[in-house]
>>> print(open('data.tsv').read())   # TSV, C-alpha atoms
chain	number	residue	atom	x	y	z
A	1	MET	CA	-3.88	-6.98	-24.18
A	2	HIS	CA	-2.17	-9.30	-21.68
A	3	ILE	CA	-2.36	-7.81	-18.19
A	4	LEU	CA	-0.54	-9.00	-15.08
A	5	VAL	CA	-2.52	-8.24	-11.90
A	6	VAL	CA	-0.77	-8.13	-8.53
A	7	ASN	CA	-1.96	-6.76	-5.19
A	8	ASP	CA	-1.02	-6.18	-1.55
A	9	ASP	CA	-4.23	-7.44	0.07
A	10	GLY	CA	-3.77	-11.10	-0.82
A	11	PRO	CA	-6.30	-13.66	-2.10
A	12	PRO	CA	-9.96	-12.73	-2.56
A	13	SER	CA	-11.79	-12.39	0.74
A	14	THR	CA	-14.68	-10.31	2.01
A	15	ASN	CA	-12.67	-8.65	4.77
A	16	LEU	CA	-9.25	-8.00	3.23
A	17	SER	CA	-9.48	-8.26	-0.55
A	18	PRO	CA	-13.08	-7.83	-1.74
A	19	TYR	CA	-12.28	-5.95	-4.96
A	20	LEU	CA	-9.74	-8.21	-6.69
A	21	ARG	CA	-12.02	-10.80	-8.26
A	22	PRO	CA	-14.51	-8.22	-9.65
A	23	LEU	CA	-11.70	-6.29	-11.38
A	24	VAL	CA	-10.15	-9.44	-12.86
A	25	ASP	CA	-13.53	-10.66	-14.09
A	26	THR	CA	-14.29	-7.26	-15.65
A	27	LEU	CA	-10.90	-7.14	-17.39
A	28	LYS	CA	-11.59	-10.58	-18.88
A	29	ALA	CA	-15.11	-9.58	-19.91
A	30	ASN	CA	-13.55	-6.71	-21.88
A	31	GLY	CA	-11.40	-9.10	-23.89
A	32	HIS	CA	-8.11	-8.89	-21.98
A	33	GLN	CA	-5.95	-11.87	-21.12
A	34	VAL	CA	-5.27	-11.69	-17.38
A	35	SER	CA	-2.61	-13.40	-15.31
A	36	VAL	CA	-2.76	-12.99	-11.53
A	37	ALA	CA	0.17	-13.25	-9.09
A	38	ILE	CA	-0.66	-12.28	-5.52
A	39	PRO	CA	0.82	-12.73	-2.03
A	40	ALA	CA	-0.64	-15.45	0.18
A	41	ALA	CA	-1.33	-12.92	2.96
A	42	SER	CA	-1.92	-9.20	3.32
A	43	ARG	CA	1.21	-7.10	2.65
A	44	SER	CA	-0.16	-3.61	3.22
A	45	TRP	CA	2.26	-0.79	4.09
A	46	ILE	CA	5.19	-2.74	2.65
A	47	GLY	CA	5.98	-0.47	-0.30
A	48	LYS	CA	8.30	-1.99	-2.92
A	49	ALA	CA	9.95	-4.42	-0.51
A	50	HIS	CA	11.30	-7.88	-1.36
A	51	LEU	CA	11.55	-10.48	1.41
A	52	ILE	CA	14.90	-12.26	1.13
A	53	GLU	CA	14.21	-14.69	3.99
A	54	PRO	CA	12.17	-16.80	3.83
A	55	PRO	CA	12.22	-16.90	0.01
A	56	PRO	CA	8.93	-16.74	-1.93
A	57	SER	CA	7.43	-19.90	-3.39
A	58	GLN	CA	4.47	-20.67	-5.61
A	59	ARG	CA	1.34	-22.24	-4.17
A	60	SER	CA	-0.15	-24.69	-6.65
A	61	THR	CA	-3.83	-24.13	-5.89
A	62	PRO	CA	-5.20	-20.81	-7.16
A	63	PRO	CA	-7.84	-18.90	-5.21
A	64	PRO	CA	-11.46	-19.98	-5.68
A	65	ALA	CA	-13.94	-18.29	-7.94
A	66	ALA	CA	-16.38	-15.84	-6.39
A	67	HIS	CA	-19.80	-17.11	-5.39
A	68	ALA	CA	-21.98	-14.11	-6.13
A	69	ALA	CA	-22.20	-11.70	-9.01
A	70	GLY	CA	-20.05	-8.77	-8.09
A	71	GLY	CA	-17.18	-10.96	-7.00
A	72	ARG	CA	-17.39	-11.52	-3.24
A	73	GLY	CA	-14.79	-14.28	-2.82
A	74	HIS	CA	-13.53	-16.41	0.05
A	75	THR	CA	-10.42	-18.40	0.81
A	76	SER	CA	-11.65	-21.93	1.47
A	77	SER	CA	-10.61	-24.75	-0.84
A	78	GLU	CA	-12.39	-25.19	-4.19
A	79	SER	CA	-11.57	-26.66	-7.58
A	80	PRO	CA	-8.57	-25.05	-9.28
A	81	ASP	CA	-9.16	-22.39	-11.91
A	82	PRO	CA	-9.22	-24.32	-15.20
A	83	GLU	CA	-7.27	-21.59	-17.00
A	84	ASN	CA	-4.48	-21.83	-14.40
A	85	ASP	CA	-4.04	-18.06	-14.51
A	86	TRP	CA	-3.98	-17.43	-10.74
A	87	VAL	CA	-0.82	-17.97	-8.72
A	88	VAL	CA	-0.51	-17.35	-4.98
A	89	ILE	CA	3.00	-16.66	-3.64
A	90	ARG	CA	3.96	-17.75	-0.15
A	91	ASN	CA	6.08	-15.05	1.50
A	92	GLY	CA	5.30	-12.87	-1.50
A	93	THR	CA	5.14	-9.10	-1.65
A	94	PRO	CA	3.54	-6.98	-4.38
A	95	ALA	CA	7.01	-6.30	-5.79
A	96	SER	CA	8.08	-9.95	-5.79
A	97	CYS	CA	4.74	-10.91	-7.35
A	98	ALA	CA	5.41	-8.41	-10.14
A	99	GLN	CA	8.94	-9.80	-10.67
A	100	LEU	CA	7.83	-13.43	-10.63
A	101	GLY	CA	4.77	-12.74	-12.74
A	102	LEU	CA	6.80	-10.97	-15.41
A	103	TYR	CA	9.78	-13.31	-15.55
A	104	ASN	CA	8.96	-16.71	-14.09
A	105	LEU	CA	5.31	-17.71	-13.86
A	106	PHE	CA	3.56	-17.14	-17.19
A	107	SER	CA	6.24	-17.77	-19.79
A	108	GLU	CA	3.91	-20.00	-21.81
A	109	ARG	CA	1.56	-17.06	-22.35
A	110	ALA	CA	1.85	-14.02	-24.60
A	111	PRO	CA	4.22	-11.23	-23.45
A	112	ILE	CA	2.74	-9.02	-20.73
A	113	ASP	CA	1.76	-5.54	-21.91
A	114	LEU	CA	0.76	-3.91	-18.62
A	115	VAL	CA	0.95	-4.50	-14.88
A	116	ILE	CA	-2.04	-3.48	-12.74
A	117	SER	CA	-1.45	-3.42	-8.99
A	118	GLY	CA	-4.66	-3.55	-6.97
A	119	PRO	CA	-7.41	-2.76	-6.52
A	120	ASN	CA	-6.38	-1.72	-3.04
A	121	HIS	CA	-8.95	-2.04	-0.29
A	122	GLY	CA	-9.06	1.70	0.52
A	123	ARG	CA	-7.50	4.92	-0.81
A	124	ASN	CA	-3.88	5.54	-1.68
A	125	ALA	CA	-3.81	9.32	-1.78
A	126	SER	CA	-1.04	11.62	-0.42
A	127	THR	CA	2.72	11.10	-0.26
A	128	ILE	CA	2.61	9.02	2.93
A	129	TYR	CA	0.22	6.49	1.46
A	130	ASN	CA	1.87	6.41	-1.96
A	131	LEU	CA	5.38	5.84	-0.61
A	132	SER	CA	4.20	3.25	1.92
A	133	SER	CA	1.64	1.47	-0.23
A	134	GLY	CA	2.27	-2.06	-1.39
A	135	THR	CA	-0.21	-1.38	-4.17
A	136	VAL	CA	1.85	1.50	-5.54
A	137	GLY	CA	4.97	-0.60	-4.83
A	138	GLY	CA	3.76	-3.31	-7.21
A	139	ALA	CA	3.35	-0.77	-10.01
A	140	LEU	CA	6.77	0.71	-9.21
A	141	GLU	CA	8.38	-2.70	-9.54
A	142	ALA	CA	6.78	-3.09	-12.97
A	143	VAL	CA	8.46	0.13	-14.09
A	144	PHE	CA	11.86	-1.14	-12.98
A	145	CYS	CA	11.18	-4.27	-15.03
A	146	GLY	CA	10.62	-2.16	-18.12
A	147	LYS	CA	6.81	-2.39	-18.10
A	148	ARG	CA	4.05	0.15	-17.75
A	149	GLY	CA	2.44	0.10	-14.31
A	150	ILE	CA	-0.92	1.31	-13.02
A	151	ALA	CA	-1.85	1.27	-9.33
A	152	ILE	CA	-5.58	1.17	-8.61
A	153	SER	CA	-7.29	1.82	-5.28
A	154	PHE	CA	-11.00	1.56	-4.56
A	155	GLY	CA	-11.50	4.29	-2.00
A	156	SER	CA	-13.36	2.67	0.87
A	157	LYS	CA	-12.70	0.03	3.52
A	158	ASP	CA	-16.39	-0.12	4.43
A	159	PRO	CA	-18.44	-3.04	3.05
A	160	GLN	CA	-19.84	-2.16	-0.36
A	161	PRO	CA	-22.87	-3.47	-2.26
A	162	ASP	CA	-22.10	-5.60	-5.30
A	163	ASP	CA	-23.46	-2.98	-7.70
A	164	VAL	CA	-21.10	-0.31	-6.33
A	165	ILE	CA	-18.11	-2.66	-6.66
A	166	ALA	CA	-19.17	-3.60	-10.19
A	167	ALA	CA	-19.47	0.08	-11.18
A	168	ALA	CA	-16.00	0.84	-9.79
A	169	ALA	CA	-14.53	-2.13	-11.67
A	170	ARG	CA	-16.15	-1.07	-14.96
A	171	LEU	CA	-14.86	2.49	-14.63
A	172	ALA	CA	-11.37	1.32	-13.64
A	173	VAL	CA	-11.15	-0.87	-16.75
A	174	ARG	CA	-12.25	2.04	-18.97
A	175	VAL	CA	-9.65	4.35	-17.40
A	176	VAL	CA	-6.93	1.70	-17.79
A	177	ARG	CA	-7.70	1.26	-21.48
A	178	HIS	CA	-7.69	5.02	-22.07
A	179	LEU	CA	-4.38	5.53	-20.27
A	180	PHE	CA	-2.72	2.61	-22.04
A	181	GLU	CA	-3.86	3.74	-25.48
A	182	ASN	CA	-2.93	7.39	-24.79
A	183	TRP	CA	0.16	6.87	-22.64
A	184	ASP	CA	2.17	10.05	-22.07
A	185	GLU	CA	5.79	9.03	-22.57
A	186	ARG	CA	6.86	11.28	-19.70
A	187	VAL	CA	4.85	9.07	-17.34
A	188	GLU	CA	6.20	5.84	-15.85
A	189	LEU	CA	3.20	4.84	-13.75
A	190	TYR	CA	-0.27	6.09	-12.93
A	191	ASN	CA	-1.94	6.03	-9.53
A	192	ILE	CA	-5.75	5.81	-9.72
A	193	ASN	CA	-8.20	6.32	-6.84
A	194	VAL	CA	-11.82	5.39	-7.51
A	195	PRO	CA	-14.52	6.55	-5.04
A	196	MET	CA	-17.03	3.89	-4.04
A	197	VAL	CA	-20.31	5.51	-5.09
A	198	LEU	CA	-23.01	3.99	-7.25
A	199	ASP	CA	-22.93	6.73	-9.91
A	200	VAL	CA	-19.12	6.79	-10.15
A	201	GLU	CA	-19.28	6.15	-13.91
A	202	GLU	CA	-21.14	9.44	-14.41
A	203	ARG	CA	-18.73	11.49	-12.28
A	204	PRO	CA	-15.55	13.21	-13.53
A	205	VAL	CA	-12.20	11.48	-13.94
A	206	LEU	CA	-9.51	14.07	-13.21
A	207	TYR	CA	-5.75	14.36	-13.45
A	208	THR	CA	-4.44	15.27	-10.00
A	209	ARG	CA	-1.25	15.98	-8.07
A	210	THR	CA	-0.17	14.13	-4.95
A	211	LEU	CA	-1.04	15.75	-1.63
A	212	PRO	CA	2.17	16.26	0.43
A	213	TYR	CA	1.88	14.84	3.94
A	214	TYR	CA	4.35	14.27	6.80
A	215	TRP	CA	3.79	12.64	10.18
A	216	PRO	CA	3.23	15.34	12.83
A	217	ARG	CA	3.96	12.88	15.68
A	218	GLY	CA	4.42	9.20	16.36
A	219	CYS	CA	1.29	7.70	14.82
A	220	LEU	CA	2.00	4.10	13.91
A	221	TYR	CA	3.28	2.22	16.97
A	222	ALA	CA	2.42	1.98	20.66
A	223	GLU	CA	4.38	0.41	23.48
A	224	GLU	CA	2.57	-2.51	25.03
A	225	GLY	CA	1.48	-1.80	28.57
A	226	VAL	CA	1.96	1.97	28.23
A	227	LYS	CA	-0.96	4.27	27.61
A	228	LYS	CA	-0.71	6.47	24.55
A	229	LYS	CA	-1.95	9.62	26.34
A	230	VAL	CA	-1.87	11.01	29.85
A	231	ASN	CA	-3.83	14.14	30.80
A	232	GLY	CA	-4.53	14.74	27.13
A	233	VAL	CA	-0.84	14.92	26.23
A	234	ASN	CA	0.49	12.77	23.41
A	235	GLY	CA	3.23	10.30	24.16
A	236	VAL	CA	6.50	10.19	22.27
A	237	ASN	CA	7.42	6.74	20.92
A	238	GLY	CA	4.96	5.22	23.37
A	239	VAL	CA	6.41	7.06	26.41
A	240	HIS	CA	4.30	9.33	28.59
A	241	VAL	CA	4.88	13.05	28.64
A	242	ASN	CA	3.98	14.55	32.02
A	243	GLY	CA	2.64	11.18	33.08
A	244	GLU	CA	2.79	9.91	36.63
A	245	THR	CA	3.68	6.40	35.56
A	246	ASN	CA	6.40	6.51	32.97
A	247	GLY	CA	7.56	3.00	32.18
A	248	TYR	CA	10.70	4.11	30.39
A	249	MET	CA	11.88	6.63	32.98
A	250	ASN	CA	11.04	4.40	35.91
A	251	GLY	CA	12.90	1.49	34.35
A	252	TYR	CA	15.89	3.68	33.53
A	253	MET	CA	16.11	5.35	36.94
A	254	ASN	CA	15.47	2.20	38.93
A	255	GLY	CA	18.11	0.34	36.99
A	256	HIS	CA	20.71	3.04	37.58
A	257	MET	CA	19.82	3.65	41.23
A	258	ASN	CA	20.04	-0.07	41.97
A	259	GLY	CA	22.99	-0.67	39.68
A	260	HIS	CA	25.33	-1.45	42.56
A	261	THR	CA	23.21	-4.46	43.49
A	262	ASN	CA	21.53	-5.76	40.35
A	263	GLY	CA	23.60	-4.28	37.55
A	264	THR	CA	26.82	-5.28	35.94
A	265	SER	CA	30.05	-3.37	36.29
A	266	VAL	CA	31.96	-2.14	33.24
A	267	ASN	CA	35.08	-0.03	33.84
A	268	GLY	CA	33.99	0.50	37.40
A	269	HIS	CA	30.52	1.79	36.49
A	270	ALA	CA	27.32	-0.02	37.36
A	271	HIS	CA	24.90	-0.68	34.48
A	272	ALA	CA	21.28	-1.72	34.75
A	273	PRO	CA	20.19	-4.93	33.03
A	274	ALA	CA	18.87	-4.41	29.52
A	275	ARG	CA	15.15	-3.65	29.54
A	276	GLN	CA	13.00	-5.14	26.83
A	277	ARG	CA	10.27	-2.95	25.40
A	278	HIS	CA	7.53	-4.33	23.18
A	279	PHE	CA	5.76	-2.31	20.52
A	280	LYS	CA	2.73	-3.13	18.42
A	281	TRP	CA	1.19	-1.69	15.28
A	282	SER	CA	-1.34	0.86	16.51
A	283	ALA	CA	-1.95	3.28	13.66
A	284	ASP	CA	-3.65	6.51	14.74
A	285	LEU	CA	-4.50	8.21	11.44
A	286	SER	CA	-6.83	10.86	12.84
A	287	ASP	CA	-4.45	13.72	12.00
A	288	MET	CA	-3.97	12.38	8.49
A	289	LYS	CA	-7.71	11.99	7.92
A	290	LYS	CA	-8.26	15.59	8.99
A	291	THR	CA	-5.55	16.80	6.60
A	292	LEU	CA	-7.03	14.75	3.76
A	293	GLN	CA	-10.48	16.20	4.44
A	294	GLU	CA	-9.01	19.72	4.28
A	295	SER	CA	-6.84	19.07	1.21
A	296	GLU	CA	-6.69	21.51	-1.70
A	297	VAL	CA	-8.61	21.25	-4.94
A	298	GLY	CA	-6.52	19.44	-7.52
A	299	THR	CA	-4.92	16.96	-5.13
A	300	ASP	CA	-5.59	13.24	-5.22
A	301	ALA	CA	-7.08	13.30	-1.72
A	302	HIS	CA	-9.50	16.17	-2.38
A	303	THR	CA	-10.63	14.64	-5.66
A	304	VAL	CA	-11.49	11.14	-4.45
A	305	LEU	CA	-13.01	12.39	-1.17
A	306	ASN	CA	-15.33	14.60	-3.19
A	307	GLY	CA	-16.58	11.72	-5.30
A	308	SER	CA	-14.46	11.94	-8.45
A	309	THR	CA	-11.83	9.53	-9.72
A	310	SER	CA	-8.25	10.79	-9.44
A	311	VAL	CA	-5.49	9.89	-11.90
A	312	THR	CA	-1.99	10.93	-10.79
A	313	ALA	CA	0.86	10.65	-13.29
A	314	LEU	CA	4.13	9.69	-11.56
A	315	ARG	CA	7.81	9.14	-12.20
A	316	ALA	CA	9.37	6.13	-10.51
A	317	ASN	CA	12.32	7.82	-8.84
A	318	PHE	CA	13.57	10.02	-6.03
A	319	TRP	CA	15.09	12.61	-8.34
A	320	HIS	CA	17.89	14.92	-7.25
A	321	VAL	CA	17.34	18.61	-6.47
A	322	PRO	CA	18.59	20.65	-9.46
A	323	GLY	CA	21.39	23.16	-8.80
A	324	LEU	CA	23.06	21.30	-5.93
A	325	GLU	CA	26.11	20.03	-7.77
A	326	GLY	CA	29.92	20.01	-7.48
A	327	PRO	CA	32.15	19.92	-4.40
A	328	LEU	CA	31.03	20.90	-0.90
A	329	ASP	CA	33.03	23.67	0.78
A	330	LEU	CA	33.27	22.23	4.27
A	331	ASP	CA	35.36	25.17	5.55
A	332	SER	CA	32.86	27.88	4.70
>>> encode(input="data.tsv", output="structure tokens")
Amino acid sequence: MHILVVNDDGPPSTNLSPYLRPLVDTLKANGHQVSVAIPAASRSWIGKAHLIEPPPSQRSTPPPAAHAAGGRGHTSSESPDPENDWVVIRNGTPASCAQLGLYNLFSERAPIDLVISGPNHGRNASTIYNLSSGTVGGALEAVFCGKRGIAISFGSKDPQPDDVIAAAARLAVRVVRHLFENWDERVELYNINVPMVLDVEERPVLYTRTLPYYWPRGCLYAEEGVKKKVNGVNGVNGVHVNGETNGYMNGYMNGHMNGHTNGTSVNGHAHAPARQRHFKWSADLSDMKKTLQESEVGTDAHTVLNGSTSVTALRANFWHVPGLEGPLDLDS
């Protein structure tokens, strides 16, 4: 079978993308033809996005081969892959890599039968992760290109021994073959989470449902120069609640109080100068991790956290709610 592999972690590297090369090597060892199209840099949390500007472009030199058995790669320059089956996309996303890989990059090869997106460096379990994940986004794009898609995540960001990575890769390839050969026609893509344990091949592989999860508070961004908590109280959008030093309120009040001297007048009213606020990515996932730890049996999160491999069958759409049809009575 000819498999296109894309990912959201970028070229093989110990820190960001340690699992890609082992999976590709294991797929090839099992007789599959593999073509690889990956972004030149990490594109985590990007979902199924395409970057219109700047446009993607192909980098001619593929990533180097791994040094050690088990596939620990790096990103320094080495001789090109003689099979020319690796392509790195500048300004690429998982979705654009899927598009380009299917339609533009490997036309001299046999038609692609399946798109694998991953293996992600860490879990993709729960609705928040699945809808934000570039790994799942790559598999979604495959579906919209008329291909079967499988997203694979290796469930740990901690450094793993080569034998654990090799075991996860072997199991993932077995699961992929089984799903492809027994594909349920109701399914458009599968999301697989593999726990990183040495005996993973002896543990169950289970169909699961996605754990629903919603942000309970602002968890992803923090305002630069403003503390996230004061007196144990969470901030809102990086602004203190009950804090003595509130950058937003002080800036707002000072601007309005001094508007007659340093503001601008519009229709007779003084306005404070625009205040720039700077935010940075500062993900606090402690609430999410607690919810995942307490998740119900049968969910993707519970399954992978308890050492089994989860397989979640998905449809690639935001489907409408049945029964809400026809005209709205706005006067009722």
>>> residues_around(input="data.tsv", residues="Arg186 (chain A)", least_positions_apart="2", cutoff="8 Å", atoms="all atoms listed in the file", output="ChimeraX atom specification")
/A:184,188,315
>>> closest_residue(input="data.tsv", among="A:Glu108, A:Leu16, A:Leu328, A:Asp113", to="Phe180 (chain A)", atoms="only C-alpha atoms")
A:Asp113
>>> closest_residue(input="data.tsv", among="A:Trp319, A:Phe279, A:Trp45, A:Tyr19", to="Gln160 (chain A)", atoms="all atoms listed in the file")
A:Tyr19
>>> closest_residue(input="data.tsv", among="A:Leu330, A:Val200, A:Ala95, A:Val205", to="Leu51 (chain A)", atoms="all atoms listed in the file")
A:Ala95
>>> closest_residue(input="data.tsv", among="A:Pro204, A:Pro54, A:Gly149, A:Pro18", to="Trp183 (chain A)", atoms="only C-alpha atoms")
A:Gly149
